[in-house]
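One file, data08.cif, is given below (mmCIF, C-alpha atoms).
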```
data_target
#
loop_
_atom_site.label_atom_id
_atom_site.label_comp_id
_atom_site.auth_asym_id
_atom_site.auth_seq_id
_atom_site.Cartn_x
_atom_site.Cartn_y
_atom_site.Cartn_z
CA MET B 1 -13.71 -5.77 20.74
CA LYS B 2 -14.30 -7.63 23.99
CA ASN B 3 -11.06 -9.60 23.92
CA ARG B 4 -9.38 -6.77 25.72
CA LYS B 5 -6.70 -7.06 28.33
CA ILE B 6 -6.94 -5.17 31.62
CA ASN B 7 -3.75 -4.01 33.34
CA LEU B 8 -3.93 -2.82 36.91
CA ASP B 9 -1.38 -0.26 38.09
CA ARG B 10 0.98 -0.59 35.14
CA PRO B 11 4.07 1.60 35.75
CA GLN B 12 3.92 4.97 34.01
CA VAL B 13 6.34 5.65 31.18
CA ASP B 14 8.93 8.27 31.93
CA SER B 15 8.90 11.44 29.79
CA LYS B 16 12.58 11.00 28.99
CA GLU B 17 11.88 7.52 27.68
CA ILE B 18 9.14 8.87 25.44
CA GLN B 19 11.36 11.67 24.18
CA ALA B 20 14.08 9.13 23.42
CA GLY B 21 11.66 7.53 20.96
CA MET B 22 11.05 10.81 19.12
CA ASN B 23 12.59 11.04 15.68
CA PHE B 24 11.27 13.84 13.51
CA GLY B 25 13.95 13.14 10.90
CA LEU B 26 12.50 9.68 10.30
CA VAL B 27 8.97 11.04 9.95
CA MET B 28 10.30 13.68 7.55
CA THR B 29 12.06 11.03 5.46
CA SER B 30 8.88 8.93 5.30
CA TYR B 31 6.95 12.06 4.34
CA GLN B 32 9.34 12.82 1.50
CA VAL B 33 9.15 9.25 0.24
CA MET B 34 5.35 9.36 0.34
CA SER B 35 4.94 12.80 -1.16
CA LYS B 36 7.51 12.59 -3.98
CA PRO B 37 5.89 11.52 -7.27
CA PHE B 38 7.30 8.24 -8.51
CA TYR B 39 8.59 9.77 -11.74
CA LYS B 40 10.80 12.13 -9.74
CA SER B 41 12.34 9.44 -7.61
CA ASN B 42 15.84 8.08 -8.05
CA TRP B 43 14.74 4.48 -8.50
CA PHE B 44 12.50 5.49 -11.41
CA PHE B 45 15.34 7.28 -13.20
CA GLY B 46 17.65 4.34 -12.51
CA THR B 47 15.18 1.74 -13.76
CA ALA B 48 14.12 3.76 -16.78
CA GLY B 49 17.75 4.50 -17.66
CA LEU B 50 18.82 0.88 -17.41
CA ALA B 51 15.81 -0.25 -19.44
CA SER B 52 16.65 2.29 -22.19
CA ILE B 53 20.27 1.21 -22.33
CA GLY B 54 19.14 -2.42 -22.44
CA LEU B 55 16.78 -1.68 -25.34
CA ILE B 56 19.45 0.18 -27.32
CA VAL B 57 22.08 -2.52 -26.80
CA GLY B 58 19.57 -5.31 -27.42
CA GLY B 59 18.29 -3.60 -30.56
CA THR B 60 21.80 -3.08 -31.91
CA PHE B 61 22.71 -6.73 -31.46
CA ALA B 62 19.38 -7.97 -32.79
CA PHE B 63 19.79 -6.14 -36.12
CA GLN B 64 23.44 -7.06 -36.53
CA SER B 65 24.39 -10.30 -38.43
CA PRO B 66 26.16 -12.53 -35.96
CA ASP B 67 28.55 -14.38 -38.38
CA GLU B 68 30.04 -14.51 -41.83
CA SER B 69 27.71 -17.18 -43.25
CA ASP B 70 24.71 -14.90 -42.70
CA LYS B 71 26.59 -12.13 -44.47
CA LEU B 72 27.31 -14.43 -47.41
CA GLN B 73 23.67 -15.43 -47.52
CA SER B 74 22.52 -11.82 -47.64
CA GLU B 75 25.06 -10.91 -50.29
CA GLN B 76 24.01 -13.84 -52.49
CA LEU B 77 20.39 -12.92 -52.18
CA LEU B 78 21.06 -9.33 -53.17
CA SER B 79 23.71 -9.89 -55.87
CA ASP B 80 23.08 -10.78 -59.51
CA ALA B 81 26.51 -12.36 -59.84
CA PRO B 82 26.66 -16.12 -60.40
CA PRO B 83 27.00 -18.06 -57.16
CA PRO B 84 30.19 -19.96 -56.35
CA GLU B 85 30.36 -23.62 -57.23
CA VAL B 86 29.87 -25.84 -54.27
CA SER B 87 30.41 -29.57 -54.13
CA VAL B 88 27.50 -31.28 -52.50
CA PRO B 89 28.11 -34.54 -50.71
CA GLU B 90 25.10 -36.74 -51.25
CA ASN B 91 24.63 -37.76 -47.67
CA ASN B 92 24.60 -34.11 -46.50
CA LEU B 93 22.04 -32.83 -48.91
CA LEU B 94 18.99 -31.67 -47.07
CA ALA B 95 17.01 -29.61 -49.49
CA ILE B 96 17.37 -27.76 -52.72
CA ASN B 97 14.63 -25.84 -54.39
CA THR B 98 14.06 -25.49 -58.09
CA THR B 99 15.05 -21.83 -58.37
CA THR B 100 18.09 -19.88 -57.25
CA ALA B 101 16.87 -19.59 -53.70
CA PRO B 102 19.40 -20.80 -51.16
CA ALA B 103 19.08 -24.00 -49.19
CA LEU B 104 20.75 -24.98 -45.98
CA ILE B 105 23.24 -27.82 -45.89
CA ASP B 106 24.77 -29.06 -42.68
CA ASP B 107 24.58 -26.39 -40.02
CA LYS B 108 26.15 -23.48 -41.77
CA THR B 109 26.76 -24.17 -45.47
CA VAL B 110 24.41 -22.49 -47.90
CA LEU B 111 24.00 -24.01 -51.33
CA THR B 112 22.62 -22.05 -54.21
CA LEU B 113 22.03 -23.65 -57.58
CA PRO B 114 21.58 -21.67 -60.78
CA ASN B 115 18.79 -22.49 -63.21
CA LEU B 116 20.40 -25.51 -64.73
CA THR B 117 19.31 -27.15 -67.94
CA LYS B 118 19.88 -30.55 -69.41
CA ASN B 119 22.00 -28.95 -72.15
CA ASP B 120 24.55 -27.60 -69.71
CA LYS B 121 27.87 -29.22 -70.71
CA LYS B 122 29.42 -29.08 -67.29
CA ILE B 123 26.89 -31.35 -65.74
CA THR B 124 27.70 -35.03 -65.49
CA PRO B 125 24.91 -37.67 -65.74
CA ASP B 126 25.05 -38.35 -62.02
CA VAL B 127 24.59 -34.74 -61.14
CA GLN B 128 21.95 -34.41 -63.82
CA ASN B 129 19.91 -37.18 -62.20
CA LYS B 130 20.26 -35.55 -58.85
CA ILE B 131 19.09 -32.26 -60.26
CA GLU B 132 16.07 -33.85 -61.88
CA GLU B 133 15.24 -35.52 -58.65
CA LEU B 134 15.63 -32.32 -56.74
CA GLN B 135 13.73 -30.19 -59.22
CA THR B 136 10.68 -32.22 -58.40
CA THR B 137 11.26 -31.82 -54.68
CA GLU B 138 8.96 -29.40 -52.90
CA LEU B 139 10.60 -26.43 -51.27
CA VAL B 140 11.62 -27.35 -47.79
CA GLU B 141 11.69 -24.65 -45.14
CA PRO B 142 15.28 -23.88 -44.18
CA ILE B 143 16.09 -25.09 -40.73
CA ILE B 144 16.91 -22.12 -38.55
CA ASP B 145 17.92 -22.39 -34.96
CA GLN B 146 15.31 -20.50 -32.93
CA PRO B 147 16.74 -18.65 -29.96
CA GLN B 148 15.57 -20.31 -26.77
CA ILE B 149 13.61 -17.87 -24.61
CA ASP B 150 12.98 -18.68 -21.00
CA LEU B 151 9.26 -17.99 -20.98
CA SER B 152 8.89 -18.99 -17.37
CA VAL B 153 10.88 -15.98 -16.14
CA GLU B 154 8.92 -13.58 -18.32
CA LYS B 155 5.67 -15.09 -17.16
CA ARG B 156 6.65 -14.78 -13.53
CA GLN B 157 7.56 -11.09 -13.95
CA ILE B 158 4.19 -10.31 -15.51
CA SER B 159 2.48 -12.22 -12.75
CA ASP B 160 4.24 -10.19 -10.02
CA LEU B 161 3.30 -6.93 -11.70
CA ASP B 162 -0.28 -8.00 -12.19
CA LEU B 163 -0.72 -8.66 -8.48
CA SER B 164 -0.75 -4.91 -7.88
CA PRO B 165 -4.25 -3.61 -7.21
CA ARG B 166 -5.55 -0.74 -9.35
CA ILE B 167 -8.64 1.28 -10.05
CA ASN B 168 -9.51 1.66 -13.70
CA GLY B 169 -5.92 0.74 -14.58
CA LYS B 170 -4.37 3.35 -12.29
CA PHE B 171 -1.92 2.24 -9.62
CA HIS B 172 -1.47 5.60 -7.86
CA GLY B 173 -1.14 9.33 -8.48
CA ASP B 174 -3.86 11.59 -9.85
CA ILE B 175 -7.30 10.17 -10.52
CA THR B 176 -10.55 11.63 -11.81
CA ARG B 177 -13.77 11.17 -9.88
CA GLU B 178 -15.21 9.18 -12.80
CA ASP B 179 -12.26 6.77 -12.77
CA LEU B 180 -12.49 6.44 -9.00
CA LEU B 181 -16.19 5.63 -9.03
CA ASP B 182 -15.77 3.25 -11.93
CA ASN B 183 -17.98 0.27 -11.26
CA LYS B 184 -15.20 -2.24 -11.86
CA GLY B 185 -13.86 -1.30 -8.42
CA ILE B 186 -10.43 -2.43 -7.30
CA THR B 187 -8.97 -5.03 -9.64
CA THR B 188 -5.72 -6.78 -10.35
CA GLY B 189 -4.23 -7.97 -13.62
CA SER B 190 -4.14 -11.56 -12.44
CA ASP B 191 -6.71 -14.05 -11.17
CA VAL B 192 -6.61 -12.56 -7.67
CA SER B 193 -10.06 -11.33 -6.64
CA ILE B 194 -10.31 -8.56 -4.05
CA ILE B 195 -12.25 -9.66 -0.99
CA HIS B 196 -11.61 -6.82 1.43
CA PHE B 197 -10.36 -3.23 1.49
CA GLU B 198 -10.57 -0.08 3.55
CA LEU B 199 -11.07 3.48 2.42
CA HIS B 200 -9.26 6.04 4.58
CA LEU B 201 -10.37 9.63 4.27
CA ILE B 202 -8.81 12.40 6.30
CA ASP B 203 -10.78 15.63 6.44
CA GLY B 204 -10.21 18.84 8.37
CA LEU B 205 -11.81 17.25 11.40
CA GLY B 206 -9.94 13.95 11.56
CA GLY B 207 -9.69 10.58 9.90
CA LYS B 208 -12.46 8.19 8.86
CA VAL B 209 -12.16 4.57 7.84
CA PHE B 210 -14.70 2.65 5.79
CA GLU B 211 -14.53 -1.09 5.28
CA GLU B 212 -15.85 -3.24 2.47
CA GLU B 213 -15.79 -6.99 1.95
CA SER B 214 -15.71 -6.90 -1.85
CA ASN B 215 -13.84 -4.97 -4.52
CA GLN B 216 -16.61 -2.40 -4.97
CA LEU B 217 -17.04 0.94 -3.26
CA ASN B 218 -20.17 0.71 -1.14
CA HIS B 219 -22.88 3.34 -0.79
CA GLU B 220 -21.36 4.77 2.37
CA MET B 221 -17.96 5.14 0.69
CA ARG B 222 -19.48 6.77 -2.39
CA THR B 223 -21.38 9.23 -0.22
CA ALA B 224 -18.20 10.06 1.72
CA LEU B 225 -16.28 10.51 -1.56
CA THR B 226 -18.77 13.13 -2.76
CA LYS B 227 -17.51 15.32 0.08
CA VAL B 228 -13.86 14.91 -0.94
CA THR B 229 -12.68 17.90 -2.92
CA GLN B 230 -10.14 18.36 -5.70
CA GLY B 231 -6.53 17.83 -4.62
CA GLU B 232 -7.37 15.73 -1.57
CA THR B 233 -5.63 12.40 -0.97
CA ILE B 234 -7.58 9.16 -0.80
CA TYR B 235 -6.07 6.05 0.74
CA PHE B 236 -7.09 2.44 0.09
CA GLU B 237 -5.47 0.25 2.68
CA ASN B 238 -5.55 -3.29 4.02
CA ILE B 239 -6.44 -4.63 0.57
CA LYS B 240 -6.87 -8.40 0.68
CA GLY B 241 -7.35 -10.71 -2.23
CA LYS B 242 -8.02 -14.39 -2.84
CA THR B 243 -6.15 -16.41 -5.43
CA SER B 244 -7.81 -19.05 -7.61
CA ASP B 245 -6.55 -21.75 -5.26
CA GLY B 246 -8.29 -20.06 -2.33
CA LYS B 247 -5.17 -18.60 -0.74
CA GLU B 248 -5.64 -15.19 0.90
CA VAL B 249 -3.02 -12.59 0.05
CA ARG B 250 -2.47 -9.04 1.20
CA LEU B 251 -1.88 -6.53 -1.59
CA ASN B 252 -0.17 -3.15 -1.77
CA PRO B 253 -2.12 -0.11 -0.58
CA LEU B 254 -3.33 2.51 -3.05
CA ARG B 255 -3.00 6.27 -2.77
CA TYR B 256 -4.67 8.72 -5.14
CA VAL B 257 -5.05 12.47 -5.41
CA LEU B 258 -8.47 13.53 -6.68
CA LEU B 259 -8.28 15.58 -9.90
CA ASN B 260 -11.82 16.98 -10.08
CA MET A 1 -12.03 17.36 39.03
CA PRO A 2 -8.61 18.08 37.51
CA VAL A 3 -8.44 18.83 33.83
CA ASN A 4 -5.70 18.37 31.29
CA SER A 5 -3.70 21.57 31.60
CA ILE A 6 -1.92 21.03 28.28
CA TYR A 7 -5.19 20.99 26.44
CA HIS A 8 -6.45 24.42 27.51
CA HIS A 9 -4.37 27.03 25.77
CA THR A 10 -4.04 30.70 26.50
CA GLU A 11 -4.78 33.05 23.61
CA ASP A 12 -1.04 33.65 23.03
CA ARG A 13 -0.22 29.96 22.87
CA LEU A 14 -3.11 29.37 20.54
CA MET A 15 -1.90 32.10 18.20
CA GLN A 16 1.61 30.68 18.28
CA GLU A 17 0.25 27.26 17.45
CA LEU A 18 -1.71 28.67 14.52
CA GLN A 19 1.49 30.26 13.25
CA TRP A 20 3.25 26.91 13.47
CA ILE A 21 0.42 25.30 11.54
CA LYS A 22 0.64 28.00 8.86
CA ARG A 23 4.39 27.45 8.59
CA ALA A 24 3.90 23.68 8.39
CA LYS A 25 1.43 24.19 5.53
CA ASP A 26 4.08 26.17 3.63
CA ASP A 27 6.99 23.88 4.44
CA PRO A 28 6.70 20.39 5.97
CA ARG A 29 9.85 21.01 8.02
CA GLY A 30 7.84 23.67 9.86
CA PHE A 31 5.88 20.81 11.43
CA GLU A 32 8.69 20.08 13.88
CA PRO A 33 7.50 22.37 16.73
CA LEU A 34 4.06 20.74 16.56
CA TYR A 35 5.69 17.31 16.59
CA ASN A 36 7.81 18.20 19.60
CA LYS A 37 4.87 19.68 21.43
CA TYR A 38 2.36 16.90 20.90
CA TYR A 39 4.45 13.73 20.57
CA GLU A 40 4.31 12.84 24.26
CA GLN A 41 0.56 13.49 24.54
CA ILE A 42 -0.25 11.37 21.52
CA PHE A 43 2.15 8.63 22.58
CA ARG A 44 0.56 8.46 26.04
CA TYR A 45 -2.93 8.34 24.50
CA ILE A 46 -1.87 5.41 22.29
CA TYR A 47 0.22 3.54 24.86
CA GLN A 48 -2.63 3.83 27.38
CA ARG A 49 -4.65 1.61 25.04
CA MET A 50 -2.07 -1.02 24.21
CA ASP A 51 0.74 -2.98 25.80
CA ASP A 52 3.57 -2.73 23.30
CA LYS A 53 5.83 0.29 23.71
CA GLU A 54 7.63 -0.09 20.38
CA MET A 55 4.35 -0.44 18.55
CA ALA A 56 3.05 2.64 20.35
CA HIS A 57 6.05 4.63 19.06
CA ASP A 58 5.45 3.31 15.54
CA ILE A 59 1.78 4.25 15.60
CA THR A 60 2.59 7.68 17.02
CA SER A 61 5.01 8.28 14.14
CA GLN A 62 2.33 7.12 11.72
CA VAL A 63 -0.12 9.61 13.24
CA PHE A 64 2.28 12.50 12.68
CA LEU A 65 3.05 11.31 9.17
CA LYS A 66 -0.65 11.31 8.29
CA ALA A 67 -1.06 14.70 9.95
CA MET A 68 1.81 16.11 7.85
CA ASN A 69 0.30 14.66 4.70
CA ASN A 70 -3.04 16.26 5.46
CA ILE A 71 -2.03 19.48 7.21
CA GLN A 72 -3.38 21.48 4.24
CA LYS A 73 -6.88 20.29 5.14
CA TYR A 74 -6.68 21.40 8.75
CA GLU A 75 -8.75 24.50 9.41
CA TYR A 76 -9.08 26.09 12.78
CA ARG A 77 -12.77 26.01 13.67
CA GLY A 78 -12.48 26.26 17.42
CA VAL A 79 -11.26 22.68 17.65
CA PRO A 80 -7.67 22.64 18.95
CA PHE A 81 -4.98 21.04 16.84
CA ALA A 82 -4.47 18.39 19.53
CA SER A 83 -8.03 17.12 19.02
CA TRP A 84 -7.36 16.72 15.31
CA LEU A 85 -4.28 14.69 16.17
CA TYR A 86 -6.25 12.63 18.69
CA ARG A 87 -8.81 11.77 16.01
CA ILE A 88 -6.08 10.61 13.65
CA ALA A 89 -4.50 8.69 16.55
CA LYS A 90 -7.82 7.03 17.34
CA SER A 91 -8.23 6.02 13.71
CA GLU A 92 -4.67 4.62 13.48
CA LEU A 93 -4.98 2.87 16.83
CA TYR A 94 -8.16 1.01 15.92
CA GLN A 95 -6.65 0.18 12.55
CA SER A 96 -3.78 -1.57 14.36
CA PHE A 97 -6.31 -3.53 16.47
CA ARG A 98 -8.17 -4.59 13.34
CA ASP A 99 -4.89 -5.63 11.71
CA GLU A 100 -4.08 -7.53 14.91
CA LYS A 101 -0.76 -5.73 15.20
CA ALA A 102 -1.62 -4.76 18.77
CA THR A 103 -3.92 -5.99 21.52
CA ARG A 104 -6.53 -3.69 23.01
CA THR A 105 -5.54 -3.01 26.58
CA VAL A 106 -7.30 -1.04 29.30
CA ASN A 107 -4.86 0.39 31.80
CA VAL A 108 -6.39 1.11 35.16
CA ASP A 109 -4.81 2.36 38.34
CA THR A 110 -6.19 1.82 41.81
CA VAL A 111 -6.57 5.55 42.55
CA ASN A 112 -8.78 6.09 39.53
CA LEU A 113 -10.78 2.97 40.36
CA SER A 114 -11.46 4.19 43.87
CA GLU A 115 -12.64 7.57 42.52
CA MET A 116 -14.93 5.79 40.14
CA ILE A 117 -16.31 3.60 42.90
CA ASP A 118 -16.97 6.77 44.92
CA GLU A 119 -18.88 8.26 42.00
CA MET A 120 -20.95 5.09 41.83
CA GLU A 121 -21.74 5.61 45.53
CA GLU A 122 -20.20 2.30 46.53
CA ASN A 123 -17.64 1.49 49.21
CA PHE A 124 -14.11 0.85 48.08
CA SER A 125 -12.80 -2.61 48.98
CA GLU A 126 -10.82 -5.40 47.35
CA GLU A 127 -14.09 -7.05 46.35
CA SER A 128 -15.58 -3.90 44.88
CA ARG A 129 -12.37 -3.31 42.92
CA THR A 130 -12.54 -6.80 41.41
CA ALA A 131 -16.24 -6.31 40.72
CA LEU A 132 -15.53 -3.04 38.91
CA LEU A 133 -12.81 -4.63 36.77
CA ASN A 134 -15.24 -7.40 35.84
CA ALA A 135 -17.84 -4.81 34.93
CA ILE A 136 -15.34 -3.00 32.66
CA LYS A 137 -14.77 -6.26 30.80
CA GLU A 138 -18.47 -6.38 29.93
CA LEU A 139 -18.67 -2.87 28.48
CA ALA A 140 -18.88 -2.12 24.77
CA GLU A 141 -15.86 -0.48 23.11
CA ASP A 142 -17.36 3.03 22.93
CA GLU A 143 -18.30 2.78 26.60
CA VAL A 144 -14.76 1.78 27.56
CA GLN A 145 -13.47 4.72 25.54
CA MET A 146 -15.69 7.05 27.53
CA ILE A 147 -14.53 5.57 30.86
CA GLU A 148 -10.89 5.89 29.81
CA LEU A 149 -11.19 9.47 28.62
CA ARG A 150 -13.29 10.71 31.51
CA TYR A 151 -12.22 8.72 34.55
CA PHE A 152 -8.74 7.42 33.78
CA GLU A 153 -7.35 10.33 31.75
CA LYS A 154 -9.42 13.05 33.45
CA ARG A 155 -10.36 14.88 30.27
CA SER A 156 -13.03 17.58 30.15
CA PHE A 157 -16.35 16.88 28.43
CA LYS A 158 -15.43 19.50 25.82
CA GLU A 159 -12.24 17.63 24.97
CA ILE A 160 -13.99 14.24 25.00
CA GLY A 161 -16.57 15.68 22.62
CA ASP A 162 -13.84 16.96 20.29
CA ILE A 163 -12.02 13.61 20.25
CA LEU A 164 -15.12 11.46 19.85
CA GLU A 165 -16.71 13.91 17.38
CA ILE A 166 -19.78 14.51 19.53
CA THR A 167 -21.06 17.60 21.33
CA GLU A 168 -20.04 18.45 24.87
CA ASN A 169 -23.59 17.80 26.10
CA ASN A 170 -23.72 14.49 24.31
CA ALA A 171 -20.44 13.52 25.97
CA LYS A 172 -21.96 14.35 29.38
CA VAL A 173 -25.05 12.26 28.65
CA LYS A 174 -23.01 9.32 27.41
CA ALA A 175 -20.68 9.43 30.42
CA HIS A 176 -23.70 9.43 32.74
CA ARG A 177 -25.23 6.45 30.92
CA VAL A 178 -21.98 4.50 31.14
CA ILE A 179 -21.81 5.10 34.90
CA GLN A 180 -25.40 3.90 35.24
CA LYS A 181 -24.58 0.79 33.24
CA MET A 182 -21.47 0.21 35.34
CA LYS A 183 -23.54 0.43 38.49
CA LYS A 184 -25.94 -2.14 37.14
CA LEU A 185 -23.16 -4.48 36.03
CA PHE A 186 -21.33 -3.90 39.27
CA ASN A 187 -24.29 -5.24 41.22
CA GLU A 188 -25.44 -7.93 38.79
CA ILE A 189 -22.29 -9.49 37.38
CA GLY A 190 -19.42 -8.02 39.33
CA TYR A 191 -19.79 -9.89 42.60
CA GLU A 192 -20.70 -13.16 40.89
CA LYS A 193 -17.28 -13.54 39.19
#
```
Rewrite the structure of this file - the entire thing - as structure tokens.
Amino acid sequence: MKNRKINLDRPQVDSKEIQAGMNFGLVMTSYQVMSKPFYKSNWFFGTAGLASIGLIVGGTFAFQSPDESDKLQSEQLLSDAPPPEVSVPENNLLAINTTTAPALIDDKTVLTLPNLTKNDKKITPDVQNKIEELQTTELVEPIIDQPQIDLSVEKRQISDLDLSPRINGKFHGDITREDLLDNKGITTGSDVSIIHFELHLIDGLGGKVFEEESNQLNHEMRTALTKVTQGETIYFENIKGKTSDGKEVRLNPLRYVLLN
Amino acid sequence: MPVNSIYHHTEDRLMQELQWIKRAKDDPRGFEPLYNKYYEQIFRYIYQRMDDKEMAHDITSQVFLKAMNNIQKYEYRGVPFASWLYRIAKSELYQSFRDEKATRTVNVDTVNLSEMIDEMEENFSEESRTALLNAIKELAEDEVQMIELRYFEKRSFKEIGDILEITENNAKVKAHRVIQKMKKLFNEIGYEK
């Protein structure tokens, strides 16, 4: 670290000025934020609550028929009663199958034909020809409007989540020694590869920092971790990754409590 | 040579401090007396090594936050609580240099320089002062740390040993070696620049 600056006779800082910068309340707040488990925090309850409500409302709407034509369709499928007579304009006829299964005409109209025979007196020759023609027609899949889903938004959300580094699938909280020493090292769910990280260990005699230029714990780190006991906190900081297009990104730090 | 009076506790003050630590282990709010007592010391240690006052306050807060998070691990083994804080401060400080959040700065005052020149058995002059500053620029980081702790901050070898995690004797030996190296640089490089 030779690029150091040398100041000669810099004025001393006044004690009052230093004391003005003291703020134990702020340190305490940061401590509470850091020490509170995520599942006890307000944002977790808020997010989980909103997600649950969203699921319930979404589920209710998804299983409810949106309009009367769908209701009619369901009733006709379930009922043994003869279907209502429907006049079919020739130019609107899309598909009719050979059984009593419904076919879709126009956007909304459902046409169901009974098992008609040539001996049926109500059928005129024109209709009879049409029926014969249609009886030979292969079943055509009804045209159903598929709801348009904006996949790009969903994809982006997954991508953001997958940028978070993890060890053996764990983002933070308690971790076993086996999980911690897992030879997959620090990974992400996306195509970001970890190129640098630091292991911070604080023991009864002070703090130690180990650096590594890959995603794997090195020998020195592993040796230091053998001395860490159950319940101690392990910090992974300054985690840097490289995207597939060569861009370097800085990722969130990791904090674990050793379980065994 | 003067020593840091805050560092050397009486038995009563030490016992009081241990009680504070015990209270802080039970309840994080009990950390406040320790924060109030050591904030200025730790701030000065950090600000002495950088040039940004706001950043020095931030790092000091970070030191106390880490200390609070790890207070359960602190055990009194003859090493004062301040030394434990200094070690965390040193770790946080060098982290900020690595992250390029702050620039490593060596703050020197003329009085300390003249004392150092005396110890090197040289005569104090404008030229020798410039030569000494040039020599400091050539030192390795651990050597600069030793110079700062011993000659600019006037810490005892015991305290230097506690902060740098070496023995008191080792601190003495290292300080002596740094002075020898300074002498050599002072004569070889110093006057040339």
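One finds atom CA of Asn123 of chain A at 17.2 Å from atom CA of Tyr151 of chain A.
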Worksheet item: Counting only C-alpha atoms, which residues from chain A have an atom at most 9 Å from any atom of chain B, and could you show them as a ChimeraX atom specification?
Response: /A:28-29,32,35-36,39-40,43-44,50-51,54,57,61-62,64-76,79,83-92,95,97,99,103-111,133,136-141,163,165
Would you compute an axis-aligned box for segment 100-111 of chain A, covering every atom listed for it in the file with 8 Å of margin on each side, and report centre and edge lengths in Å to one decimal as lines of an AutoDock Vina configuration file?
```
center_x = -4.0
center_y = -1.0
center_z = 28.7
size_x = 22.5
size_y = 29.1
size_z = 43.6
```
Worksheet, complete the sentence: Between atom CA of Ile179 of chain A and atom CA of Ile147 of chain A lies a distance of 8.3 Å
Worksheet, complete the sentence: Correct to one decimal, the distance atom CA of Ile21 of chain A-atom CA of Arg155 of chain A is 24.0 Å
Item to complete: Can you give me, as a PyMOL selection string, the residues this file yields under the PyMOL selection byres ((chain B and resi 236) around 12)?
Response: chain B and resi 165-167+171-172+180+185-186+196-202+208-212+215-217+221+233-235+237-240+251-257
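Remark: for Glu248 of chain B, the closest of the candidate residues B:Phe44, B:Gly59, B:Lys170, B:Ser193 is B:Ser193 (distances computed over all atoms listed in the file).
Ranking B:Val249, B:Ala20, B:Ala48, B:Ala62 by their shortest atom-to-atom distance to Ile194 of chain B, with only C-alpha atoms included, puts B:Val249 first.
Shortest separation to Met15 of chain A among A:Phe157, A:Phe81, A:Tyr94, A:Phe186 occurs at residue A:Phe81, atoms counted being only C-alpha atoms.
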Would you mind putting N, CA and C atoms back on segment 135-148 of chain A and writing the result as an mmCIF file, keeping the file's coordinate frame?
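Result saved to out24.cif:
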```cif
data_model
loop_
_atom_site.group_PDB
_atom_site.id
_atom_site.type_symbol
_atom_site.label_atom_id
_atom_site.label_comp_id
_atom_site.auth_asym_id
_atom_site.auth_seq_id
_atom_site.Cartn_x
_atom_site.Cartn_y
_atom_site.Cartn_z
ATOM 1 N N ALA A 135 -16.813 -5.600 35.631
ATOM 2 C CA ALA A 135 -17.840 -4.810 34.930
ATOM 3 C C ALA A 135 -17.247 -4.135 33.693
ATOM 4 N N ILE A 136 -15.998 -3.657 33.822
ATOM 5 C CA ILE A 136 -15.340 -3.000 32.660
ATOM 6 C C ILE A 136 -15.203 -3.982 31.506
ATOM 7 N N LYS A 137 -14.919 -5.232 31.840
ATOM 8 C CA LYS A 137 -14.770 -6.260 30.800
ATOM 9 C C LYS A 137 -16.037 -6.430 29.978
ATOM 10 N N GLU A 138 -17.178 -6.155 30.601
ATOM 11 C CA GLU A 138 -18.470 -6.380 29.930
ATOM 12 C C GLU A 138 -18.922 -5.191 29.089
ATOM 13 N N LEU A 139 -18.216 -4.063 29.201
ATOM 14 C CA LEU A 139 -18.670 -2.870 28.480
ATOM 15 C C LEU A 139 -18.356 -2.953 26.981
ATOM 16 N N ALA A 140 -19.145 -2.212 26.206
ATOM 17 C CA ALA A 140 -18.880 -2.120 24.770
ATOM 18 C C ALA A 140 -17.684 -1.183 24.563
ATOM 19 N N GLU A 141 -17.085 -1.234 23.363
ATOM 20 C CA GLU A 141 -15.860 -0.480 23.110
ATOM 21 C C GLU A 141 -16.047 1.024 23.292
ATOM 22 N N ASP A 142 -17.160 1.577 22.792
ATOM 23 C CA ASP A 142 -17.360 3.030 22.930
ATOM 24 C C ASP A 142 -17.567 3.424 24.395
ATOM 25 N N GLU A 143 -18.111 2.506 25.164
ATOM 26 C CA GLU A 143 -18.300 2.780 26.600
ATOM 27 C C GLU A 143 -16.964 2.765 27.342
ATOM 28 N N VAL A 144 -16.100 1.826 26.946
ATOM 29 C CA VAL A 144 -14.760 1.780 27.560
ATOM 30 C C VAL A 144 -13.983 3.048 27.211
ATOM 31 N N GLN A 145 -14.138 3.479 25.957
ATOM 32 C CA GLN A 145 -13.470 4.720 25.540
ATOM 33 C C GLN A 145 -13.880 5.889 26.428
ATOM 34 N N MET A 146 -15.169 5.962 26.699
ATOM 35 C CA MET A 146 -15.690 7.050 27.530
ATOM 36 C C MET A 146 -15.107 6.975 28.948
ATOM 37 N N ILE A 147 -15.083 5.763 29.505
ATOM 38 C CA ILE A 147 -14.530 5.570 30.860
ATOM 39 C C ILE A 147 -13.059 5.991 30.883
ATOM 40 N N GLU A 148 -12.325 5.567 29.865
ATOM 41 C CA GLU A 148 -10.890 5.890 29.810
ATOM 42 C C GLU A 148 -10.672 7.398 29.743
#
```
